[in-house]
>>> print(open('final23.pdb').read())   # PDB, C-alpha atoms
ATOM      1  CA  MET A 199      31.840 -12.543 -16.819
ATOM      2  CA  ASP A 200      32.763 -16.219 -16.426
ATOM      3  CA  LEU A 201      29.494 -17.995 -17.185
ATOM      4  CA  GLY A 202      30.686 -20.971 -15.132
ATOM      5  CA  ASP A 203      30.444 -18.775 -12.032
ATOM      6  CA  LEU A 204      26.678 -18.476 -12.556
ATOM      7  CA  ARG A 205      26.208 -22.094 -11.488
ATOM      8  CA  TYR A 206      27.614 -21.289  -8.049
ATOM      9  CA  PHE A 207      25.653 -18.038  -7.884
ATOM     10  CA  LEU A 208      22.402 -19.939  -8.530
ATOM     11  CA  ALA A 209      23.185 -22.603  -5.940
ATOM     12  CA  LEU A 210      23.823 -20.025  -3.215
ATOM     13  CA  ALA A 211      20.720 -18.043  -4.258
ATOM     14  CA  ARG A 212      18.560 -21.170  -4.011
ATOM     15  CA  TYR A 213      19.897 -22.711  -0.818
ATOM     16  CA  GLY A 214      21.016 -19.651   1.107
ATOM     17  CA  ARG A 215      23.978 -21.295   2.856
ATOM     18  CA  LEU A 216      27.459 -22.047   1.615
ATOM     19  CA  SER A 217      27.358 -25.551   3.094
ATOM     20  CA  ALA A 218      23.968 -26.394   1.557
ATOM     21  CA  ALA A 219      24.970 -25.043  -1.867
ATOM     22  CA  ALA A 220      28.245 -26.968  -1.675
ATOM     23  CA  ASP A 221      26.437 -30.197  -0.827
ATOM     24  CA  ARG A 222      24.147 -29.816  -3.849
ATOM     25  CA  LEU A 223      27.059 -29.180  -6.212
ATOM     26  CA  GLU A 224      29.336 -31.703  -4.464
ATOM     27  CA  VAL A 225      32.157 -29.200  -3.949
ATOM     28  CA  GLU A 226      33.802 -27.575  -0.929
ATOM     29  CA  HIS A 227      32.012 -24.572   0.551
ATOM     30  CA  THR A 228      35.138 -22.503  -0.092
ATOM     31  CA  THR A 229      34.646 -23.158  -3.799
ATOM     32  CA  ILE A 230      31.167 -21.620  -3.670
ATOM     33  CA  ARG A 231      32.477 -18.520  -1.923
ATOM     34  CA  ARG A 232      35.468 -18.177  -4.270
ATOM     35  CA  ARG A 233      33.391 -18.485  -7.439
ATOM     36  CA  VAL A 234      30.718 -16.064  -6.199
ATOM     37  CA  THR A 235      33.404 -13.564  -5.213
ATOM     38  CA  SER A 236      34.896 -13.950  -8.680
ATOM     39  CA  LEU A 237      31.494 -13.210 -10.237
ATOM     40  CA  GLU A 238      30.995 -10.168  -8.014
ATOM     41  CA  LYS A 239      34.374  -8.791  -9.105
ATOM     42  CA  SER A 240      33.577  -9.326 -12.765
ATOM     43  CA  VAL A 241      30.211  -7.539 -12.600
ATOM     44  CA  GLY A 242      31.543  -4.847 -10.280
ATOM     45  CA  THR A 243      28.953  -5.119  -7.510
ATOM     46  CA  ARG A 244      27.998  -7.194  -4.493
ATOM     47  CA  LEU A 245      25.403  -9.882  -5.240
ATOM     48  CA  PHE A 246      24.789 -11.260  -1.723
ATOM     49  CA  ASP A 247      24.416  -9.932   1.811
ATOM     50  CA  LYS A 248      25.401 -12.130   4.757
ATOM     51  CA  THR A 249      22.591 -12.303   7.348
ATOM     52  CA  VAL A 250      21.919 -14.373  10.466
ATOM     53  CA  SER A 251      19.609 -16.630   8.405
ATOM     54  CA  GLY A 252      22.054 -17.110   5.527
ATOM     55  CA  TRP A 253      23.089 -15.419   2.298
ATOM     56  CA  THR A 254      20.404 -13.247   0.692
ATOM     57  CA  LEU A 255      20.440 -11.595  -2.720
ATOM     58  CA  THR A 256      21.107  -7.881  -3.003
ATOM     59  CA  VAL A 257      19.098  -5.794  -5.474
ATOM     60  CA  ALA A 258      21.799  -6.458  -8.073
ATOM     61  CA  GLY A 259      21.648 -10.174  -7.323
ATOM     62  CA  GLN A 260      17.879 -10.171  -7.768
ATOM     63  CA  ARG A 261      18.306  -8.512 -11.186
ATOM     64  CA  LEU A 262      20.861 -11.120 -12.242
ATOM     65  CA  LEU A 263      18.818 -14.125 -11.043
ATOM     66  CA  PRO A 264      16.327 -14.497 -13.952
ATOM     67  CA  TYR A 265      19.111 -14.133 -16.533
ATOM     68  CA  ALA A 266      21.270 -16.711 -14.753
ATOM     69  CA  THR A 267      18.296 -19.068 -14.560
ATOM     70  CA  ARG A 268      17.617 -18.837 -18.292
ATOM     71  CA  ILE A 269      21.287 -19.457 -19.060
ATOM     72  CA  GLU A 270      21.208 -22.550 -16.825
ATOM     73  CA  GLN A 271      18.047 -23.848 -18.489
ATOM     74  CA  GLU A 272      19.469 -23.377 -21.976
ATOM     75  CA  ALA A 273      22.722 -25.072 -20.977
ATOM     76  CA  ASP A 274      20.812 -28.040 -19.524
ATOM     77  CA  ALA A 275      18.672 -28.313 -22.655
ATOM     78  CA  ALA A 276      21.750 -28.215 -24.894
ATOM     79  CA  GLN A 277      23.516 -30.879 -22.863
ATOM     80  CA  GLY A 278      20.438 -33.097 -22.874
ATOM     81  CA  SER A 279      20.063 -32.732 -26.635
ATOM     82  CA  LEU A 280      23.677 -33.703 -27.295
ATOM     83  CA  ARG A 281      23.307 -36.777 -25.107
ATOM     84  CA  ASP A 282      19.924 -37.620 -26.653
ATOM     85  CA  GLN A 283      18.386 -37.238 -23.197
ATOM     86  CA  GLN A 284      16.218 -34.210 -23.766
ATOM     87  CA  GLY A 285      13.830 -33.843 -20.865
ATOM     88  CA  SER A 286      15.842 -35.928 -18.409
ATOM     89  CA  ILE A 287      16.579 -34.034 -15.215
ATOM     90  CA  LYS A 288      19.471 -34.502 -12.821
ATOM     91  CA  GLY A 289      19.921 -33.396  -9.201
ATOM     92  CA  THR A 290      18.959 -34.000  -5.591
ATOM     93  CA  VAL A 291      15.614 -33.011  -4.047
ATOM     94  CA  ARG A 292      15.379 -32.691  -0.264
ATOM     95  CA  ILE A 293      11.804 -33.237   0.933
ATOM     96  CA  VAL A 294      10.473 -32.997   4.476
ATOM     97  CA  ALA A 295       7.148 -34.721   5.182
ATOM     98  CA  THR A 296       5.102 -36.226   7.976
ATOM     99  CA  ASP A 297       5.917 -39.817   8.939
ATOM    100  CA  GLY A 298       2.812 -41.242   7.305
ATOM    101  CA  LEU A 299       2.703 -39.333   4.029
ATOM    102  CA  GLY A 300       6.457 -39.526   3.583
ATOM    103  CA  SER A 301       6.637 -43.276   4.117
ATOM    104  CA  LEU A 302       3.397 -44.405   2.463
ATOM    105  CA  ILE A 303       2.987 -41.942  -0.411
ATOM    106  CA  VAL A 304       6.228 -40.090  -1.167
ATOM    107  CA  ALA A 305       8.640 -43.025  -0.895
ATOM    108  CA  PRO A 306       6.733 -45.451  -3.186
ATOM    109  CA  GLY A 307       6.077 -42.599  -5.621
ATOM    110  CA  VAL A 308       9.807 -42.213  -6.260
ATOM    111  CA  VAL A 309       9.723 -45.335  -8.452
ATOM    112  CA  SER A 310       7.589 -43.811 -11.226
ATOM    113  CA  LEU A 311       9.461 -40.497 -10.991
ATOM    114  CA  GLN A 312      12.861 -42.125 -11.431
ATOM    115  CA  ALA A 313      11.533 -44.236 -14.299
ATOM    116  CA  ARG A 314      11.204 -40.962 -16.228
ATOM    117  CA  HIS A 315      14.174 -39.185 -14.655
ATOM    118  CA  PRO A 316      16.676 -41.813 -13.496
ATOM    119  CA  SER A 317      19.262 -39.214 -12.429
ATOM    120  CA  ILE A 318      17.018 -37.546  -9.841
ATOM    121  CA  GLU A 319      18.089 -38.327  -6.275
ATOM    122  CA  VAL A 320      15.689 -37.902  -3.347
ATOM    123  CA  ASP A 321      16.546 -37.138   0.281
ATOM    124  CA  LEU A 322      13.411 -37.766   2.374
ATOM    125  CA  VAL A 323      13.233 -36.566   5.985
ATOM    126  CA  THR A 324      10.124 -37.615   7.949
ATOM    127  CA  THR A 325       9.110 -35.842  11.136
ATOM    128  CA  SER A 326       6.242 -35.144  13.543
ATOM    129  CA  HIS A 327       7.717 -31.754  14.472
ATOM    130  CA  LEU A 328       6.678 -28.332  13.305
ATOM    131  CA  LEU A 329       8.165 -27.387   9.957
ATOM    132  CA  SER A 330      11.379 -25.392  10.164
ATOM    133  CA  TYR A 331      11.441 -22.536   7.658
ATOM    134  CA  GLY A 332      15.199 -22.005   7.934
ATOM    135  CA  VAL A 333      17.168 -21.238   4.797
ATOM    136  CA  GLY A 334      18.230 -24.426   3.040
ATOM    137  CA  GLU A 335      16.232 -26.749   5.329
ATOM    138  CA  PHE A 336      14.159 -28.217   2.493
ATOM    139  CA  ASP A 337      13.343 -27.947  -1.204
ATOM    140  CA  ILE A 338       9.778 -29.224  -0.768
ATOM    141  CA  ALA A 339       7.886 -29.797   2.477
ATOM    142  CA  VAL A 340       4.506 -31.312   3.279
ATOM    143  CA  THR A 341       2.806 -30.129   6.445
ATOM    144  CA  ILE A 342      -0.566 -30.669   8.141
ATOM    145  CA  GLY A 343      -3.288 -28.080   8.544
ATOM    146  CA  ASP A 344      -3.954 -24.691   7.004
ATOM    147  CA  ALA A 345      -0.609 -23.386   5.840
ATOM    148  CA  PRO A 346       0.254 -20.031   7.416
ATOM    149  CA  GLU A 347       1.096 -17.272   4.983
ATOM    150  CA  ARG A 348       4.872 -16.904   4.987
ATOM    151  CA  ARG A 349       6.837 -14.496   2.895
ATOM    152  CA  GLY A 350       9.208 -16.273   0.573
ATOM    153  CA  PHE A 351       7.251 -19.543   0.328
ATOM    154  CA  GLN A 352       4.610 -20.876  -2.036
ATOM    155  CA  GLN A 353       1.936 -23.049  -0.395
ATOM    156  CA  THR A 354      -0.298 -25.423  -2.330
ATOM    157  CA  HIS A 355      -3.169 -27.502  -0.964
ATOM    158  CA  LEU A 356      -2.371 -31.157  -1.676
ATOM    159  CA  CYS A 357      -5.475 -32.889  -0.325
ATOM    160  CA  ASP A 358      -7.762 -33.440   2.634
ATOM    161  CA  TYR A 359      -7.638 -36.662   4.623
ATOM    162  CA  GLU A 360      -9.661 -38.229   7.425
ATOM    163  CA  LEU A 361      -8.760 -39.970  10.655
ATOM    164  CA  ARG A 362     -11.056 -42.732  11.902
ATOM    165  CA  LEU A 363     -11.167 -45.224  14.737
ATOM    166  CA  TYR A 364      -9.845 -48.744  14.165
ATOM    167  CA  ALA A 365      -9.406 -51.921  16.228
ATOM    168  CA  THR A 366      -8.779 -55.623  15.697
ATOM    169  CA  ASN A 367     -11.570 -58.184  15.581
ATOM    170  CA  ALA A 368     -10.082 -59.870  18.633
ATOM    171  CA  TYR A 369     -10.143 -56.643  20.619
ATOM    172  CA  LEU A 370     -13.737 -55.865  19.642
ATOM    173  CA  GLU A 371     -14.933 -59.385  20.452
ATOM    174  CA  SER A 372     -13.362 -59.412  23.916
ATOM    175  CA  ASN A 373     -14.528 -55.949  25.006
ATOM    176  CA  PRO A 374     -17.923 -54.220  25.454
ATOM    177  CA  PRO A 375     -19.730 -53.304  22.202
ATOM    178  CA  ILE A 376     -19.261 -49.832  20.717
ATOM    179  CA  THR A 377     -22.350 -48.250  19.196
ATOM    180  CA  ALA A 378     -21.898 -44.609  20.263
ATOM    181  CA  LEU A 379     -19.158 -42.214  21.330
ATOM    182  CA  ASP A 380     -20.093 -42.626  25.002
ATOM    183  CA  ASP A 381     -19.230 -46.334  24.797
ATOM    184  CA  LEU A 382     -15.546 -45.447  24.447
ATOM    185  CA  SER A 383     -15.361 -44.903  28.215
ATOM    186  CA  ALA A 384     -15.135 -48.678  28.634
ATOM    187  CA  HIS A 385     -12.246 -48.992  26.198
ATOM    188  CA  ARG A 386      -8.500 -48.502  25.935
ATOM    189  CA  MET A 387      -7.190 -46.050  23.370
ATOM    190  CA  ILE A 388      -3.804 -45.442  21.774
ATOM    191  CA  TRP A 389      -2.900 -41.752  21.653
ATOM    192  CA  TYR A 390      -0.218 -39.161  21.083
ATOM    193  CA  VAL A 391       2.455 -38.004  23.548
ATOM    194  CA  GLU A 392       1.013 -34.522  23.618
ATOM    195  CA  SER A 393       3.920 -32.890  25.466
ATOM    196  CA  LEU A 394       6.244 -33.957  22.638
ATOM    197  CA  LEU A 395       3.888 -33.674  19.688
ATOM    198  CA  GLN A 396       4.421 -30.371  17.889
ATOM    199  CA  LEU A 397       1.723 -30.617  15.238
ATOM    200  CA  PRO A 398      -1.158 -28.548  16.705
ATOM    201  CA  GLU A 399      -3.716 -29.955  14.258
ATOM    202  CA  LEU A 400      -3.498 -33.314  16.072
ATOM    203  CA  ARG A 401      -4.297 -31.643  19.389
ATOM    204  CA  GLU A 402      -7.483 -29.925  18.229
ATOM    205  CA  SER A 403     -10.637 -30.005  20.354
ATOM    206  CA  GLU A 404     -12.352 -32.616  18.180
ATOM    207  CA  ASN A 405      -9.524 -35.072  18.805
ATOM    208  CA  GLN A 406      -9.407 -34.190  22.498
ATOM    209  CA  GLU A 407     -13.133 -34.948  22.829
ATOM    210  CA  ILE A 408     -12.559 -38.421  21.404
ATOM    211  CA  ALA A 409      -9.607 -39.069  23.710
ATOM    212  CA  ALA A 410     -11.542 -37.854  26.752
ATOM    213  CA  GLN A 411     -14.060 -40.664  26.291
ATOM    214  CA  ALA A 412     -11.547 -43.506  26.622
ATOM    215  CA  GLN A 413      -8.721 -44.799  28.840
ATOM    216  CA  ILE A 414      -5.385 -43.716  27.411
ATOM    217  CA  LEU A 415      -2.901 -46.426  28.351
ATOM    218  CA  PHE A 416      -0.389 -46.166  25.501
ATOM    219  CA  ARG A 417       1.038 -43.013  23.920
ATOM    220  CA  THR A 418       3.526 -42.440  21.111
ATOM    221  CA  THR A 419       4.449 -39.667  18.683
ATOM    222  CA  ASN A 420       5.034 -42.155  15.854
ATOM    223  CA  LEU A 421       2.192 -43.046  13.484
ATOM    224  CA  PHE A 422       3.543 -46.509  12.743
ATOM    225  CA  ALA A 423       3.919 -47.320  16.439
ATOM    226  CA  GLN A 424       0.239 -46.359  16.838
ATOM    227  CA  LEU A 425      -0.712 -48.503  13.860
ATOM    228  CA  GLU A 426       1.179 -51.551  15.121
ATOM    229  CA  ALA A 427      -0.108 -51.137  18.684
ATOM    230  CA  THR A 428      -3.664 -51.010  17.340
ATOM    231  CA  ALA A 429      -3.051 -54.074  15.160
ATOM    232  CA  ALA A 430      -1.623 -55.916  18.183
ATOM    233  CA  GLY A 431      -4.834 -55.326  20.155
ATOM    234  CA  VAL A 432      -3.515 -52.772  22.645
ATOM    235  CA  GLY A 433      -6.652 -50.704  22.124
ATOM    236  CA  LEU A 434      -8.503 -48.434  19.719
ATOM    237  CA  GLY A 435      -6.463 -46.233  17.397
ATOM    238  CA  LEU A 436      -7.465 -42.931  15.806
ATOM    239  CA  LEU A 437      -5.515 -43.355  12.574
ATOM    240  CA  PRO A 438      -5.289 -41.702   9.142
ATOM    241  CA  CYS A 439      -7.368 -43.643   6.646
ATOM    242  CA  PHE A 440      -4.531 -43.718   4.115
ATOM    243  CA  ALA A 441      -2.482 -45.706   6.638
ATOM    244  CA  ALA A 442      -5.104 -47.961   8.232
ATOM    245  CA  HIS A 443      -8.214 -48.358   6.088
ATOM    246  CA  HIS A 444      -6.934 -51.208   3.917
ATOM    247  CA  ASP A 445      -4.960 -52.953   6.635
ATOM    248  CA  PRO A 446      -6.548 -56.437   6.855
ATOM    249  CA  ARG A 447      -5.746 -56.619  10.574
ATOM    250  CA  LEU A 448      -8.051 -53.716  11.434
ATOM    251  CA  GLN A 449     -11.786 -53.094  11.552
ATOM    252  CA  PRO A 450     -13.558 -49.703  11.434
ATOM    253  CA  VAL A 451     -15.265 -48.398  14.568
ATOM    254  CA  LEU A 452     -17.937 -45.648  14.606
ATOM    255  CA  HIS A 453     -16.934 -44.539  11.117
ATOM    256  CA  ASP A 454     -20.071 -42.476  10.619
ATOM    257  CA  GLU A 455     -19.544 -40.588  13.886
ATOM    258  CA  VAL A 456     -15.789 -40.237  14.257
ATOM    259  CA  ARG A 457     -14.082 -38.831  11.171
ATOM    260  CA  PRO A 458     -12.077 -35.660  11.844
ATOM    261  CA  ARG A 459     -10.691 -34.155   8.652
ATOM    262  CA  ARG A 460      -7.289 -32.527   8.164
ATOM    263  CA  SER A 461      -5.350 -31.117   5.198
ATOM    264  CA  PHE A 462      -1.927 -31.665   3.680
ATOM    265  CA  TRP A 463      -0.136 -28.632   2.226
ATOM    266  CA  MET A 464       2.947 -28.549   0.020
ATOM    267  CA  VAL A 465       5.428 -25.757   0.770
ATOM    268  CA  ILE A 466       8.225 -24.643  -1.580
ATOM    269  CA  PRO A 467      10.688 -21.777  -1.036
ATOM    270  CA  SER A 468       9.943 -19.127  -3.654
ATOM    271  CA  ARG A 469      13.604 -18.955  -4.648
ATOM    272  CA  LEU A 470      13.346 -22.557  -5.937
ATOM    273  CA  LEU A 471      10.246 -22.073  -8.089
ATOM    274  CA  ASN A 472      12.372 -21.456 -11.184
ATOM    275  CA  ALA A 473      14.346 -24.692 -10.714
ATOM    276  CA  GLU A 474      13.092 -27.368 -13.123
ATOM    277  CA  LEU A 475      14.187 -30.139 -10.765
ATOM    278  CA  ILE A 476      11.972 -28.805  -7.969
ATOM    279  CA  THR A 477       8.938 -28.051 -10.100
ATOM    280  CA  THR A 478       9.175 -31.502 -11.701
ATOM    281  CA  PHE A 479       9.195 -33.259  -8.323
ATOM    282  CA  ALA A 480       6.422 -31.016  -6.968
ATOM    283  CA  GLY A 481       4.238 -31.760  -9.987
ATOM    284  CA  HIS A 482       4.894 -35.464  -9.598
ATOM    285  CA  LEU A 483       3.997 -35.373  -5.890
ATOM    286  CA  PHE A 484       0.773 -33.471  -6.561
ATOM    287  CA  GLN A 485      -0.226 -35.939  -9.295
ATOM    288  CA  THR A 486       0.625 -38.931  -7.086
ATOM    289  CA  VAL A 487      -1.594 -37.640  -4.285
ATOM    290  CA  GLN A 488      -4.480 -36.842  -6.637
ATOM    291  CA  GLN A 489      -4.358 -40.342  -8.108
ATOM    292  CA  GLN A 490      -4.802 -41.793  -4.604
ATOM    293  CA  ARG A 491      -7.524 -39.458  -3.310
ATOM    294  CA  GLN A 492      -9.819 -42.380  -2.513
ATOM    295  CA  ARG A 493      -7.169 -43.640  -0.099
ATOM    296  CA  PHE A 494      -7.254 -40.405   1.902
ATOM    297  CA  ILE A 495     -11.053 -40.232   2.294
ATOM    298  CA  PRO A 496     -12.483 -43.699   1.599
ATOM    299  CA  ASP A 497     -16.198 -44.408   1.197
TER     300      ASP A 497
END
>>> encode(input="final23.pdb", output="structure tokens")
Amino acid sequence: MDLGDLRYFLALARYGRLSAAADRLEVEHTTIRRRVTSLEKSVGTRLFDKTVSGWTLTVAGQRLLPYATRIEQEADAAQGSLRDQQGSIKGTVRIVATDGLGSLIVAPGVVSLQARHPSIEVDLVTTSHLLSYGVGEFDIAVTIGDAPERRGFQQTHLCDYELRLYATNAYLESNPPITALDDLSAHRMIWYVESLLQLPELRESENQEIAAQAQILFRTTNLFAQLEATAAGVGLGLLPCFAAHHDPRLQPVLHDEVRPRRSFWMVIPSRLLNAELITTFAGHLFQTVQQQRQRFIPD
């Protein structure tokens, strides 16, 4: 067995597609296939099956996986020791997150992570669409709402957060007073483009009741467009507290009455749980969120 082939075996096992594995190792996809084929010939059995969703491990491949992982970990530790960089981790993490959490929490949090592990690279994809569970689509994902049980994925509750109503002082001073939910009927509200919004948690009945009280004159699927429209005085915005609560342009409205609560969940493909790079980033993300819990549900 050529131990060098194990690196390509692990990449294909983790990412499930030749192209994705090749991108992570910065080689051609034909190199992945050639080295895996070489490994299969040396061990005398097929290690992967080709399926419509990608390359999946055979029973023999599943047996080999923990041994290959330990060999990789020992090799990384040896290399780090020789370079006097024990504990430093190298690689690229692909994370998919909502627009708000990705931009306001994940992106700034990269600074402290890379201070400890300067060779870690981060690919951040933000979206308001439903999470795709396709092979190789992400290493770590953050989604809204109760995470559905899915085979092959580990789901961890990150935190709860609240949405509350906000407006500018100028808007509140030039429009009828708001002391109860019924008063919203005399006001403009910024809302979601529901036909395009794929996150069902933002279309729940509690949110719909709030929207039904007001005049919806501006809609967008983008959190930051909602935030800026609210700050410009277009109308009231139902915004996540972690995005709006400390914005000096905005004032709270009916905060004791209107405070729907949602949850963020972290999702990791089970095949990546033995990768130190992924577990390191996941632990960092969890710690970052916990340190800012007051931002998600302020007093």
>>> resolve_selection(input="final23.pdb", expression="the PyMOL selection byres ((chain A and resi 380-382) around 12)", output="PyMOL selection string")
chain A and resi 363+370+373-379+383-387+407-414+433-435+451-452+455-456
>>> resolve_selection(input="final23.pdb", expression="the PyMOL selection byres ((chain A and resi 494) around 6)", output="MDAnalysis selection string")
chainID A and resid 359 439:440 491:493 495
>>> resolve_selection(input="final23.pdb", expression="the PyMOL selection byres ((chain A and resi 464) around 8)", output="PyMOL selection string")
chain A and resi 338-341+353-356+462-463+465-466
>>> atom_distance(input="final23.pdb", atom1="CA of Pro316 (chain A)", atom2="CA of Glu335 (chain A)")
24.1 Å
>>> residues_around(input="final23.pdb", residues="Thr478 (chain A)", least_positions_apart="5", cutoff="12 Å", atoms="all atoms listed in the file", output="list of chain:residue names")
A:Gly285, A:Ser286, A:Ile287, A:Lys288, A:Gly289, A:Thr290, A:Val291, A:Leu311, A:Gln312, A:Arg314, A:His315, A:Ile318, A:Asp337, A:Ile338, A:Leu470, A:Leu471, A:Asn472, A:Ala473, A:Leu483, A:Phe484, A:Gln485
>>> closest_residue(input="final23.pdb", among="A:Ile342, A:Leu210, A:Glu474, A:Tyr364", to="Thr229 (chain A)", atoms="only C-alpha atoms")
A:Leu210
>>> closest_residue(input="final23.pdb", among="A:Ala441, A:Met199, A:Ala430, A:Ile230", to="Ala218 (chain A)", atoms="all atoms listed in the file")
A:Ile230
>>> closest_residue(input="final23.pdb", among="A:Ala313, A:Leu361, A:Ala219, A:Val257", to="Ser461 (chain A)", atoms="all atoms listed in the file")
A:Leu361
>>> closest_residue(input="final23.pdb", among="A:Cys357, A:Ala258, A:Leu475, A:Glu226", to="Gln489 (chain A)", atoms="all atoms listed in the file")
A:Cys357
>>> atom_distance(input="final23.pdb", atom1="CA of Pro450 (chain A)", atom2="CA of Arg362 (chain A)")
7.4 Å
>>> decode(input="final23.pdb", residues="region 446-463 of chain A", atoms="N, CA, C and O atoms", output="short mmCIF file (atom, residue, chain, number, x, y, z; two decimals), in the first residue's frame")
data_model
loop_
_atom_site.label_atom_id
_atom_site.label_comp_id
_atom_site.auth_asym_id
_atom_site.auth_seq_id
_atom_site.Cartn_x
_atom_site.Cartn_y
_atom_site.Cartn_z
N PRO A 446 -27.38 52.60 16.29
CA PRO A 446 -27.81 53.88 16.86
C PRO A 446 -28.88 54.59 16.04
O PRO A 446 -29.51 55.53 16.55
N ARG A 447 -29.13 54.15 14.83
CA ARG A 447 -30.15 54.78 14.00
C ARG A 447 -31.55 54.31 14.34
O ARG A 447 -32.54 54.91 13.90
N LEU A 448 -31.67 53.23 15.11
CA LEU A 448 -32.96 52.57 15.32
C LEU A 448 -33.41 52.65 16.77
O LEU A 448 -32.60 52.67 17.70
N GLN A 449 -34.74 52.64 16.93
CA GLN A 449 -35.37 52.62 18.24
C GLN A 449 -36.28 51.40 18.35
O GLN A 449 -36.92 51.01 17.38
N PRO A 450 -36.36 50.79 19.54
CA PRO A 450 -37.25 49.63 19.72
C PRO A 450 -38.72 50.05 19.74
O PRO A 450 -39.06 51.15 20.18
N VAL A 451 -39.56 49.15 19.25
CA VAL A 451 -41.01 49.38 19.21
C VAL A 451 -41.71 48.13 19.75
O VAL A 451 -41.46 47.02 19.26
N LEU A 452 -42.57 48.30 20.76
CA LEU A 452 -43.35 47.20 21.32
C LEU A 452 -42.48 46.00 21.70
O LEU A 452 -42.84 44.85 21.46
N HIS A 453 -41.34 46.26 22.31
CA HIS A 453 -40.41 45.17 22.59
C HIS A 453 -40.93 44.16 23.59
O HIS A 453 -40.49 43.01 23.60
N ASP A 454 -41.85 44.55 24.44
CA ASP A 454 -42.41 43.59 25.39
C ASP A 454 -43.49 42.72 24.77
O ASP A 454 -43.79 41.64 25.27
N GLU A 455 -44.07 43.19 23.66
CA GLU A 455 -45.15 42.44 23.01
C GLU A 455 -44.69 41.64 21.81
O GLU A 455 -45.18 40.53 21.56
N VAL A 456 -43.79 42.20 21.03
CA VAL A 456 -43.38 41.57 19.78
C VAL A 456 -41.94 41.09 19.91
O VAL A 456 -41.00 41.88 19.86
N ARG A 457 -41.77 39.79 20.11
CA ARG A 457 -40.43 39.23 20.24
C ARG A 457 -40.42 37.75 19.89
O ARG A 457 -40.11 36.90 20.74
N PRO A 458 -40.76 37.42 18.63
CA PRO A 458 -40.69 36.01 18.22
C PRO A 458 -39.27 35.48 18.35
O PRO A 458 -38.30 36.20 18.11
N ARG A 459 -39.17 34.23 18.75
CA ARG A 459 -37.87 33.61 19.00
C ARG A 459 -37.62 32.48 18.01
O ARG A 459 -38.52 31.69 17.70
N ARG A 460 -36.41 32.41 17.51
CA ARG A 460 -36.00 31.37 16.56
C ARG A 460 -34.70 30.74 17.06
O ARG A 460 -34.10 31.21 18.04
N SER A 461 -34.23 29.72 16.38
CA SER A 461 -33.01 29.02 16.77
C SER A 461 -32.06 28.89 15.60
O SER A 461 -32.48 28.72 14.45
N PHE A 462 -30.77 28.96 15.89
CA PHE A 462 -29.72 28.63 14.93
C PHE A 462 -29.17 27.24 15.27
O PHE A 462 -28.89 26.93 16.43
N TRP A 463 -29.01 26.42 14.21
CA TRP A 463 -28.44 25.09 14.35
C TRP A 463 -27.21 24.97 13.47
O TRP A 463 -27.19 25.47 12.34
#
